Amino acid sequence: MYKAIIFDMDGVIFDTEGFYYQRRKTFLDSKGISIEHMEAKEFIGGNLQQVWQKILSENEHVGQADAFHQEYEDYKAKHRAPYAQIIFPEVRQALADLKAAGLKLALASNTQKNDVLFALESASILSYFDIVLSREDVDSPKPQPDIYLKAAGLLEIDKADSLIIEDSQKGISAGKSAGMQVWAIKDKQYGIDQSQADQLIDHLGQVPEKVL
């Protein structure tokens, strides 16, 4: 049915969104900047630098987005997510089954490359992926389709034979704009608009059941 599967990372492979939100909140609280008025879903799947612009402009820190972003990157490096502990329980077996069946696997994330590689290496799953792409690998991140088009091209698989697994509205929109089938891990917490997805699934363990 499919020859390749392209995965998003956060919210699909790792249960990171709660950790990420609290880390941002703790950092911004230390700067006297509140994000209490913002919903967690506003941070999910997007380009964090765009979010900085909104947060800082609302707090009269216009023009400081780049400086805050770099300071936060330094803070993140000292407060890494515990990826080995927050990998979704079905992920390793699902990846093993799909790889054993001969499918090509790729990861395409809006997260920075060093964080992506650290996450995959920490959880001992890097070897499952033929291609790993991050936001530095394309000119325009999700919700633009660039990263999914590049992944399919590098895998040398026709778009019609590729399946994307996502969770965020921005990611789903990117996949559909790329002209591919998109399945979404069902959101049960944040109120994400997943209406563009071709199919909703509960977890990655259902992917081998459906495609093999």
# chains A, B, ... in the order shown; residues from 1 in each chain; ligands from 1
call {"tool": "select_by_dssp", "arguments": {"residues": "range 18-210 of chain A", "states": "strand (DSSP E)", "output": "ChimeraX atom specification"}}
result
/A:104-108,131-133,162-166,181-185,199-201
call {"tool": "write_last_selection", "arguments": {"atoms": "C-alpha atoms", "output": "compact mmCIF listing (two decimals), in the first residue's frame"}}
result
# COMPACT_ATOMS: atom_id res chain seq x y z
CA LYS A 104 11.60 3.31 3.94
CA LEU A 105 11.27 5.53 7.01
CA ALA A 106 12.00 9.22 7.38
CA LEU A 107 11.61 11.82 10.09
CA ALA A 108 10.70 15.41 9.25
CA ILE A 131 16.39 10.15 6.29
CA VAL A 132 16.26 12.68 9.16
CA LEU A 133 15.26 16.26 8.33
CA SER A 162 4.27 7.95 0.83
CA LEU A 163 2.33 8.27 4.08
CA ILE A 164 2.85 11.07 6.62
CA ILE A 165 2.16 10.65 10.34
CA GLU A 166 1.48 13.95 12.10
CA GLN A 181 -1.81 11.11 2.58
CA VAL A 182 -1.68 12.26 6.19
CA TRP A 183 -2.71 10.29 9.25
CA ALA A 184 -2.83 12.09 12.56
CA ILE A 185 -2.31 10.86 16.10
CA GLN A 199 -7.39 9.38 9.01
CA LEU A 200 -7.07 9.63 12.79
CA ILE A 201 -5.30 6.92 14.79
call {"tool": "closest_residue", "arguments": {"among": "A:Tyr83, A:Glu209, A:Ala160, A:Glu71", "to": "Ser30 in chain A", "atoms": "only C-alpha atoms"}}
result
A:Glu71
call {"tool": "residues_around", "arguments": {"residues": "His79 in chain A", "least_positions_apart": "6", "cutoff": "12 Å", "atoms": "only C-alpha atoms", "output": "CSV table (one decimal) with N, CA and C atoms, in the first residue's frame"}}
result
chain,number,residue,atom,x,y,z
A,19,PHE,N,6.1,18.9,28.4
A,19,PHE,CA,7.4,19.3,28.8
A,19,PHE,C,7.9,20.6,28.2
A,20,TYR,N,7.7,20.7,26.8
A,20,TYR,CA,8.1,21.8,26.1
A,20,TYR,C,7.4,23.1,26.6
A,22,GLN,N,6.0,23.7,29.6
A,22,GLN,CA,6.4,24.0,30.9
A,22,GLN,C,7.8,24.6,30.9
A,23,ARG,N,8.7,24.1,30.0
A,23,ARG,CA,10.1,24.7,29.9
A,23,ARG,C,10.0,26.1,29.4
A,24,ARG,N,9.2,26.4,28.4
A,24,ARG,CA,9.1,27.7,27.9
A,24,ARG,C,8.5,28.7,29.0
A,26,THR,N,8.6,28.4,32.3
A,26,THR,CA,9.6,28.6,33.3
A,26,THR,C,10.6,29.6,32.9
A,27,PHE,N,11.1,29.5,31.7
A,27,PHE,CA,12.1,30.5,31.1
A,27,PHE,C,11.5,31.9,31.1
A,72,TYR,N,17.0,31.5,24.9
A,72,TYR,CA,16.2,30.3,25.2
A,72,TYR,C,16.9,29.0,24.7
A,73,GLU,N,17.6,29.1,23.5
A,73,GLU,CA,18.3,28.0,23.0
A,73,GLU,C,19.4,27.5,24.0
A,115,ASP,N,18.6,19.0,18.4
A,115,ASP,CA,17.6,18.4,19.3
A,115,ASP,C,17.0,17.1,18.7
call {"tool": "closest_residue", "arguments": {"among": "A:Leu154, A:Ile13, A:Leu117, A:Leu28", "to": "Gln85 in chain A", "atoms": "only C-alpha atoms"}}
result
A:Ile13
call {"tool": "closest_residue", "arguments": {"among": "A:Val116, A:Ile6, A:Met1, A:Ser122", "to": "Ala152 in chain A", "atoms": "only C-alpha atoms"}}
result
A:Ile6
call {"tool": "atom_distance", "arguments": {"atom1": "CA of Gln194 in chain A", "atom2": "CA of Ala84 in chain A"}}
result
27.1 Å
call {"tool": "atom_distance", "arguments": {"atom1": "CA of Gln189 in chain A", "atom2": "CA of Pro82 in chain A"}}
result
20.6 Å
call {"tool": "closest_residue", "arguments": {"among": "A:Ala4, A:Ala96, A:Val211, A:Leu155", "to": "Ser124 in chain A", "atoms": "only C-alpha atoms"}}
result
A:Ala96
call {"tool": "atom_distance", "arguments": {"atom1": "CA of Pro143 in chain A", "atom2": "CA of Thr16 in chain A"}}
result
19.3 Å
call {"tool": "closest_residue", "arguments": {"among": "A:Ile5, A:Leu212, A:Ala77, A:Ile172", "to": "Ile157 in chain A", "atoms": "only C-alpha atoms"}}
result
A:Ile5
call {"tool": "closest_residue", "arguments": {"among": "A:Lys78, A:Tyr190, A:Leu126, A:Asp198", "to": "Tyr21 in chain A", "atoms": "only C-alpha atoms"}}
result
A:Tyr190
call {"tool": "select_by_dssp", "arguments": {"residues": "range 2-139 of chain A", "states": "alpha helix (DSSP H)", "output": "PyMOL selection string"}}
result
chain A and resi 17-29+48-58+65-78+83-86+91-100+113-122
